[in-house]
file my_file-v5.cif (mmCIF, C-alpha atoms and all ligand atoms)
data_protein
loop_
_atom_site.label_atom_id
_atom_site.label_comp_id
_atom_site.auth_asym_id
_atom_site.auth_seq_id
_atom_site.Cartn_x
_atom_site.Cartn_y
_atom_site.Cartn_z
CA MET A 263 -52.17 -0.49 -18.91
CA ILE A 264 -52.70 -1.28 -15.22
CA HIS A 265 -55.41 0.13 -12.98
CA ILE A 266 -55.85 -1.13 -9.42
CA GLN A 267 -58.76 0.05 -7.29
CA ASN A 268 -59.77 -0.72 -3.71
CA LEU A 269 -57.45 -3.68 -3.45
CA ASP A 270 -57.43 -5.36 -0.05
CA PHE A 271 -55.43 -8.57 -0.08
CA ARG A 272 -54.49 -11.01 2.67
CA TYR A 273 -53.03 -14.48 2.62
CA PRO A 274 -54.99 -17.05 4.61
CA ARG A 275 -53.79 -17.29 8.22
CA ALA A 276 -51.10 -14.65 7.72
CA ALA A 277 -50.74 -11.25 9.34
CA PHE A 278 -49.81 -9.55 6.09
CA GLN A 279 -52.26 -7.14 4.45
CA LEU A 280 -51.80 -5.23 1.19
CA VAL A 281 -54.09 -2.22 0.68
CA ILE A 282 -54.00 -0.13 -2.49
CA ASN A 283 -56.82 2.34 -3.03
CA ASP A 284 -55.95 3.60 -6.46
CA LEU A 285 -52.87 2.91 -8.57
CA LYS A 286 -52.51 3.53 -12.28
CA ILE A 287 -49.62 2.62 -14.52
CA GLU A 288 -49.91 4.04 -18.01
CA THR A 289 -49.01 2.21 -21.22
CA GLY A 290 -45.35 2.84 -22.01
CA GLU A 291 -44.41 3.70 -18.43
CA LYS A 292 -41.32 2.23 -16.79
CA VAL A 293 -42.00 1.85 -13.10
CA ALA A 294 -39.86 0.59 -10.20
CA PHE A 295 -41.52 -1.08 -7.21
CA VAL A 296 -39.38 -0.34 -4.18
CA GLY A 297 -39.81 -1.02 -0.49
CA PRO A 298 -38.60 -3.28 2.28
CA SER A 299 -38.46 -7.04 1.98
CA GLY A 300 -41.87 -8.48 2.85
CA SER A 301 -43.80 -5.36 1.84
CA GLY A 302 -45.77 -7.14 -0.88
CA LYS A 303 -43.93 -6.38 -4.10
CA THR A 304 -43.90 -9.97 -5.36
CA THR A 305 -47.47 -10.40 -4.13
CA LEU A 306 -48.62 -7.47 -6.26
CA LEU A 307 -46.88 -8.81 -9.37
CA ASN A 308 -48.70 -12.12 -8.80
CA LEU A 309 -52.00 -10.26 -8.43
CA ILE A 310 -51.41 -8.21 -11.60
CA SER A 311 -50.68 -11.36 -13.60
CA GLY A 312 -53.58 -13.32 -12.10
CA ILE A 313 -51.34 -15.96 -10.51
CA THR A 314 -52.95 -14.93 -7.21
CA LEU A 315 -56.53 -13.67 -6.97
CA ALA A 316 -57.75 -10.86 -4.72
CA ARG A 317 -60.90 -11.14 -2.63
CA SER A 318 -61.81 -7.50 -2.98
CA GLY A 319 -61.02 -4.70 -5.37
CA THR A 320 -60.44 -4.64 -9.10
CA ILE A 321 -57.29 -5.14 -11.10
CA GLU A 322 -57.49 -4.16 -14.74
CA VAL A 323 -54.61 -5.09 -17.01
CA ALA A 324 -54.58 -4.31 -20.74
CA GLY A 325 -58.35 -3.98 -20.72
CA ASN A 326 -58.96 -7.24 -18.82
CA HIS A 327 -60.47 -7.48 -15.36
CA VAL A 328 -58.07 -10.12 -14.11
CA GLY A 329 -60.36 -11.33 -11.31
CA SER A 330 -63.32 -12.01 -13.62
CA LEU A 331 -61.51 -14.18 -16.14
CA SER A 332 -61.92 -17.95 -16.10
CA ASP A 333 -58.82 -20.03 -15.36
CA LYS A 334 -58.26 -20.68 -19.05
CA GLN A 335 -58.84 -17.05 -20.04
CA ARG A 336 -56.41 -16.00 -17.33
CA ARG A 337 -53.74 -18.39 -18.61
CA ASP A 338 -54.22 -17.18 -22.19
CA PHE A 339 -54.15 -13.55 -21.03
CA ARG A 340 -50.90 -14.17 -19.16
CA VAL A 341 -49.17 -15.86 -22.08
CA ALA A 342 -50.28 -13.22 -24.58
CA LYS A 343 -49.74 -10.08 -22.53
CA ILE A 344 -47.15 -10.65 -19.84
CA GLY A 345 -43.46 -11.47 -19.73
CA PHE A 346 -42.73 -12.40 -16.13
CA VAL A 347 -39.21 -12.64 -14.74
CA PHE A 348 -39.78 -14.53 -11.49
CA GLN A 349 -37.69 -13.80 -8.43
CA ARG A 350 -36.83 -17.51 -8.25
CA PHE A 351 -36.60 -17.84 -12.07
CA GLU A 352 -39.01 -20.84 -12.26
CA LEU A 353 -37.14 -22.47 -15.13
CA ILE A 354 -38.37 -25.85 -16.33
CA GLU A 355 -35.86 -28.43 -15.06
CA TYR A 356 -36.39 -30.96 -17.85
CA LEU A 357 -36.02 -28.46 -20.71
CA ASN A 358 -32.68 -27.20 -21.94
CA VAL A 359 -31.88 -23.50 -22.12
CA SER A 360 -33.15 -22.90 -25.66
CA ASP A 361 -36.45 -24.66 -24.93
CA ASN A 362 -36.80 -22.75 -21.66
CA ILE A 363 -36.44 -19.48 -23.56
CA LEU A 364 -38.90 -20.70 -26.21
CA PHE A 365 -41.34 -21.95 -23.56
CA PRO A 366 -43.99 -19.24 -24.23
CA PHE A 367 -44.15 -20.56 -27.80
CA LEU A 368 -44.30 -24.19 -26.70
CA ILE A 369 -47.39 -23.57 -24.53
CA ASN A 370 -49.15 -21.08 -26.80
CA PRO A 371 -50.93 -22.77 -29.70
CA SER A 372 -51.68 -19.43 -31.39
CA VAL A 373 -48.03 -18.65 -32.13
CA ASP A 374 -45.64 -20.65 -34.30
CA CYS A 375 -42.05 -21.29 -33.38
CA THR A 376 -40.72 -20.19 -36.78
CA PRO A 377 -37.04 -19.96 -37.83
CA GLU A 378 -37.32 -16.20 -37.18
CA VAL A 379 -38.32 -16.93 -33.59
CA ARG A 380 -35.33 -19.24 -33.16
CA HIS A 381 -33.16 -16.52 -34.63
CA ARG A 382 -34.53 -14.02 -32.11
CA MET A 383 -33.96 -16.54 -29.31
CA MET A 384 -30.32 -16.90 -30.30
CA GLY A 385 -29.95 -13.14 -30.60
CA LEU A 386 -31.30 -12.59 -27.08
CA ALA A 387 -29.12 -15.37 -25.67
CA ASP A 388 -26.10 -13.87 -27.38
CA THR A 389 -26.82 -10.38 -26.06
CA VAL A 390 -26.95 -11.60 -22.46
CA GLY A 391 -23.91 -13.87 -22.86
CA ILE A 392 -25.49 -17.32 -22.64
CA ALA A 393 -25.28 -18.34 -26.31
CA SER A 394 -22.84 -21.15 -25.50
CA LEU A 395 -25.21 -22.64 -22.91
CA LEU A 396 -28.27 -23.36 -25.07
CA LYS A 397 -28.01 -27.15 -24.72
CA ARG A 398 -27.50 -27.14 -20.95
CA TYR A 399 -30.18 -27.78 -18.36
CA PRO A 400 -31.05 -25.36 -15.55
CA ARG A 401 -29.26 -27.44 -12.87
CA GLN A 402 -26.04 -27.03 -14.85
CA LEU A 403 -26.20 -23.24 -14.65
CA SER A 404 -25.12 -20.67 -12.08
CA GLN A 405 -27.76 -18.43 -10.48
CA GLY A 406 -26.74 -15.52 -12.71
CA GLU A 407 -26.97 -17.69 -15.83
CA GLN A 408 -30.42 -18.95 -14.79
CA GLN A 409 -31.51 -15.37 -14.25
CA ARG A 410 -30.46 -14.45 -17.78
CA VAL A 411 -32.40 -17.42 -19.22
CA ALA A 412 -35.47 -16.20 -17.32
CA ILE A 413 -35.04 -12.72 -18.78
CA CYS A 414 -34.75 -14.03 -22.35
CA ARG A 415 -37.90 -16.13 -21.82
CA ALA A 416 -39.82 -13.05 -20.64
CA LEU A 417 -38.74 -11.04 -23.70
CA ILE A 418 -39.08 -13.68 -26.43
CA LEU A 419 -42.75 -12.99 -27.25
CA SER A 420 -42.28 -9.20 -27.09
CA PRO A 421 -45.20 -8.90 -24.66
CA PRO A 422 -46.83 -5.51 -24.05
CA LEU A 423 -46.21 -5.82 -20.30
CA ILE A 424 -43.03 -6.99 -18.57
CA LEU A 425 -43.06 -7.76 -14.86
CA ALA A 426 -39.53 -8.32 -13.58
CA ASP A 427 -38.98 -9.36 -9.96
CA GLU A 428 -35.45 -8.31 -8.91
CA PRO A 429 -34.11 -9.27 -12.36
CA THR A 430 -30.57 -8.09 -11.68
CA GLY A 431 -30.25 -9.51 -8.16
CA ASN A 432 -27.78 -12.25 -9.11
CA LEU A 433 -25.77 -10.44 -11.74
CA ASP A 434 -22.33 -8.87 -11.63
CA PRO A 435 -22.13 -5.16 -12.57
CA ALA A 436 -21.13 -5.76 -16.20
CA ASN A 437 -23.96 -8.23 -16.85
CA LYS A 438 -26.36 -5.99 -14.98
CA GLU A 439 -25.63 -3.13 -17.38
CA ILE A 440 -26.07 -5.36 -20.44
CA ILE A 441 -29.37 -6.72 -19.20
CA LEU A 442 -30.77 -3.36 -18.20
CA ASP A 443 -29.88 -1.93 -21.58
CA LEU A 444 -31.50 -4.92 -23.28
CA MET A 445 -34.70 -4.68 -21.27
CA LEU A 446 -34.94 -0.94 -21.71
CA SER A 447 -34.09 -1.03 -25.43
CA GLU A 448 -37.15 -3.25 -25.84
CA PHE A 449 -39.15 -0.28 -24.61
CA GLU A 450 -37.95 2.45 -26.87
CA ALA A 451 -41.13 2.30 -28.91
CA ARG A 452 -42.95 3.52 -25.77
CA THR A 453 -45.74 1.03 -26.34
CA ARG A 454 -44.51 -1.48 -23.78
CA THR A 455 -44.96 -1.18 -20.07
CA PHE A 456 -42.21 -2.22 -17.69
CA VAL A 457 -42.60 -2.93 -13.98
CA VAL A 458 -39.44 -3.87 -12.11
CA VAL A 459 -39.04 -4.79 -8.45
CA THR A 460 -35.62 -3.70 -7.36
CA HIS A 461 -33.45 -2.76 -4.39
CA ASP A 462 -30.89 -1.31 -6.75
CA GLN A 463 -30.90 2.49 -7.01
CA SER A 464 -29.20 2.41 -10.41
CA VAL A 465 -32.06 0.27 -11.78
CA ALA A 466 -34.77 2.39 -10.16
CA GLN A 467 -33.25 5.58 -11.50
CA LYS A 468 -33.56 4.36 -15.08
CA CYS A 469 -37.33 4.19 -14.63
CA ASP A 470 -39.86 7.00 -15.07
CA ARG A 471 -41.27 6.59 -11.59
CA MET A 472 -40.78 4.77 -8.30
CA ILE A 473 -43.66 3.32 -6.33
CA ASP A 474 -42.81 2.83 -2.67
CA PHE A 475 -44.59 -0.04 -0.94
CA SER A 476 -43.98 1.28 2.58
CA SER A 477 -47.49 2.71 2.76
CA PHE A 478 -49.26 -0.23 1.09
CA HIS A 479 -48.65 -3.00 3.57
CA HIS A 480 -49.88 -3.49 7.08
CA GLN A 481 -49.02 -5.94 9.77
CA LEU A 482 -52.24 -7.22 11.29
CA LYS A 483 -52.37 -7.80 15.02
CA THR A 484 -52.84 -11.34 16.26
CA GLY A 485 -56.53 -12.15 16.02
CA GLU A 486 -57.08 -9.86 13.04
CA ALA A 487 -55.52 -12.36 10.67
CA VAL A 488 -58.44 -14.26 9.21
CA SER A 489 -58.31 -17.69 7.69
P1 LIG A 501 -41.65 -8.76 -1.08
O1 LIG A 501 -41.64 -9.30 -2.47
O2 LIG A 501 -41.93 -7.28 -1.02
O3 LIG A 501 -40.40 -9.09 -0.33
P2 LIG A 501 -43.81 -10.66 -0.66
O4 LIG A 501 -44.88 -10.14 -1.57
O5 LIG A 501 -43.03 -11.82 -1.15
O6 LIG A 501 -42.84 -9.44 -0.28
O7 LIG A 501 -44.44 -11.05 0.73
C1 LIG A 501 -45.24 -10.17 1.48
C2 LIG A 501 -45.64 -10.83 2.79
O8 LIG A 501 -46.53 -11.89 2.53
C3 LIG A 501 -44.48 -11.42 3.58
O9 LIG A 501 -44.74 -11.19 4.94
C4 LIG A 501 -44.54 -12.89 3.25
O10 LIG A 501 -44.06 -13.65 4.30
C5 LIG A 501 -46.02 -13.10 3.06
N1 LIG A 501 -46.33 -14.17 2.10
C6 LIG A 501 -45.85 -14.30 0.85
N2 LIG A 501 -46.37 -15.37 0.22
C7 LIG A 501 -47.22 -15.94 1.12
C8 LIG A 501 -48.07 -17.08 1.09
N3 LIG A 501 -48.19 -17.85 -0.01
N4 LIG A 501 -48.80 -17.37 2.21
C9 LIG A 501 -48.72 -16.60 3.31
N5 LIG A 501 -47.94 -15.50 3.41
C10 LIG A 501 -47.19 -15.17 2.33
MG MG A 502 -40.22 -10.41 -3.53
#

call {"tool": "encode", "arguments": {"input": "my_file-v5.cif", "output": "structure tokens", "more": "lines below"}}
Ligand code: ADP
Ligand code: MG
result
Amino acid sequence: MIHIQNLDFRYPRAAFQLVINDLKIETGEKVAFVGPSGSGKTTLLNLISGITLARSGTIEVAGNHVGSLSDKQRRDFRVAKIGFVFQRFELIEYLNVSDNILFPFLINPSVDCTPEVRHRMMGLADTVGIASLLKRYPRQLSQGEQQRVAICRALILSPPLILADEPTGNLDPANKEIILDLMLSEFEARTRTFVVVTHDQSVAQKCDRMIDFSSFHHQLKTGEAVS
């Protein structure tokens, strides 16, 4: 599903460098990205989804070379293939909860928002305990409630790849269990791939494999950081 080769990524004018020679994540794998804060976990999710582009190396996702797609192709690829739970949720402030969850349908002309889709939306919202909040706006929600909206949005299209950036970081233990079970139950068919950034051992242990970022990132010395 994901194959990264010879990746060498730096932000302009920053001392951070991410180097990954060869990393493969198979279709159906559940993988936890672990490592210290600032080690590049969010950066790699952005590179995998084409939100950020690398200067050197190749990133292949579901048969697409992310770096060689046009902007439009990359957007279409992202909508069709990836459910992304952002670390900072990135909900749309002017849409209510149900429209935020349905957002992938609103921006994707190739899929219809049918009554079945609305039914699935309500089912997801119910499972994660936000069914009574569908008419509210993001600013009227707690962090944990916003996080659950973001998770429903990532799952609504049943994408083949889920990238979840610390998806349980703002949840109490009971909600954490519910959400983990929901996300993992979506994967029972073994055809979906799940990448989760987490500091939580109980989340990491539910995955097939942990990938530790300690060896991927480097702190460049002053002068080495190029613009
Ligand atoms: P993690 O998710 O593992 O905590 P990040 O991928 O968010 O780490 O960040 C890795 C490093 O890159 C950090 O040192 C961070 O400060 C830096 N960084 C992140 N985004 C940018 C950016 N847009 N410009 C410059 N530096 C950035
Ligand atoms: Mg991060």

call {"tool": "closest_residue", "arguments": {"input": "my_file-v5.cif", "among": "A:Ser311, A:Ser420, A:Thr453, A:Thr460", "to": "Asn432 of chain A", "atoms": "only C-alpha atoms"}}
result
A:Thr460

call {"tool": "closest_residue", "arguments": {"input": "my_file-v5.cif", "among": "A:Phe475, A:Phe339, A:Phe365, A:Phe456", "to": "ligand MG 502 (chain A)", "atoms": "only C-alpha atoms and all ligand atoms"}}
result
A:Phe475

call {"tool": "residues_near_ligand", "arguments": {"input": "my_file-v5.cif", "ligand": "ligand MG 502 (chain A)", "cutoff": "10 Å", "atoms": "only C-alpha atoms and all ligand atoms", "output": "short mmCIF file (atom, residue, chain, number, x, y, z; two decimals) with C-alpha atoms, in the frame of the given file"}}
result
data_model
loop_
_atom_site.label_atom_id
_atom_site.label_comp_id
_atom_site.auth_asym_id
_atom_site.auth_seq_id
_atom_site.Cartn_x
_atom_site.Cartn_y
_atom_site.Cartn_z
CA GLY A 297 -39.81 -1.02 -0.49
CA PRO A 298 -38.60 -3.28 2.28
CA SER A 299 -38.46 -7.04 1.98
CA GLY A 300 -41.87 -8.48 2.85
CA SER A 301 -43.80 -5.36 1.84
CA GLY A 302 -45.77 -7.14 -0.88
CA LYS A 303 -43.93 -6.38 -4.10
CA THR A 304 -43.90 -9.97 -5.36
CA THR A 305 -47.47 -10.40 -4.13
CA LEU A 306 -48.62 -7.47 -6.26
CA LEU A 307 -46.88 -8.81 -9.37
CA PHE A 348 -39.78 -14.53 -11.49
CA GLN A 349 -37.69 -13.80 -8.43
CA ARG A 350 -36.83 -17.51 -8.25
CA ASP A 427 -38.98 -9.36 -9.96
CA GLU A 428 -35.45 -8.31 -8.91
CA VAL A 459 -39.04 -4.79 -8.45
CA THR A 460 -35.62 -3.70 -7.36
#

call {"tool": "closest_atom_pairs", "arguments": {"input": "my_file-v5.cif", "of": "segment 275-297 of chain A", "to": "segment 314-322 of chain A", "cutoff": "12 Å", "atoms": "only C-alpha atoms", "output": "JSON lines"}}
result
{"residue": "A:Gln279", "atom": "CA", "partner": "A:Ala316", "partner_atom": "CA", "distance": 11.3}
{"residue": "A:Leu280", "atom": "CA", "partner": "A:Ala316", "partner_atom": "CA", "distance": 10.1}
{"residue": "A:Val281", "atom": "CA", "partner": "A:Gly319", "partner_atom": "CA", "distance": 9.5}
{"residue": "A:Ile282", "atom": "CA", "partner": "A:Gly319", "partner_atom": "CA", "distance": 8.9}
{"residue": "A:Asn283", "atom": "CA", "partner": "A:Gly319", "partner_atom": "CA", "distance": 8.5}
{"residue": "A:Asp284", "atom": "CA", "partner": "A:Thr320", "partner_atom": "CA", "distance": 9.7}
{"residue": "A:Leu285", "atom": "CA", "partner": "A:Ile321", "partner_atom": "CA", "distance": 9.5}
{"residue": "A:Lys286", "atom": "CA", "partner": "A:Glu322", "partner_atom": "CA", "distance": 9.5}
{"residue": "A:Ile287", "atom": "CA", "partner": "A:Glu322", "partner_atom": "CA", "distance": 10.4}
{"residue": "A:Glu288", "atom": "CA", "partner": "A:Glu322", "partner_atom": "CA", "distance": 11.6}

call {"tool": "atom_distance", "arguments": {"input": "my_file-v5.cif", "atom1": "atom CA of Leu395 of chain A", "atom2": "atom CA of Ile418 of chain A"}}
result
16.9 Å

call {"tool": "residues_around", "arguments": {"input": "my_file-v5.cif", "residues": "Met384 of chain A", "least_positions_apart": "3", "cutoff": "10 Å", "atoms": "all atoms listed in the file", "output": "list in words"}}
result
Ser360, Ile363, Glu378, Val379, Arg380, His381, Ala387, Asp388, Thr389, Ile392, Ala393, Ser394, Leu396 and Cys414 of chain A

call {"tool": "closest_residue", "arguments": {"input": "my_file-v5.cif", "among": "A:Leu309, A:Leu353, A:Leu386, A:Leu269", "to": "ligand LIG 501 (chain A)", "atoms": "only C-alpha atoms and all ligand atoms"}}
result
A:Leu309

call {"tool": "axis_aligned_box", "arguments": {"input": "my_file-v5.cif", "around": "ligand LIG 501 (chain A)", "padding_each_side": "6 Å", "output": "lines of an AutoDock Vina configuration file"}}
result
center_x = -44.6
center_y = -12.6
center_z = 1.2
size_x = 20.4
size_y = 22.6
size_z = 19.4

call {"tool": "residues_around", "arguments": {"input": "my_file-v5.cif", "residues": "Gln463 of chain A", "least_positions_apart": "6", "cutoff": "12 Å", "atoms": "all atoms listed in the file", "output": "list of chain:residue names"}}
result
A:Ala294, A:Phe295, A:Val296, A:Gly297, A:Glu428, A:Thr430, A:Cys469, A:Met472
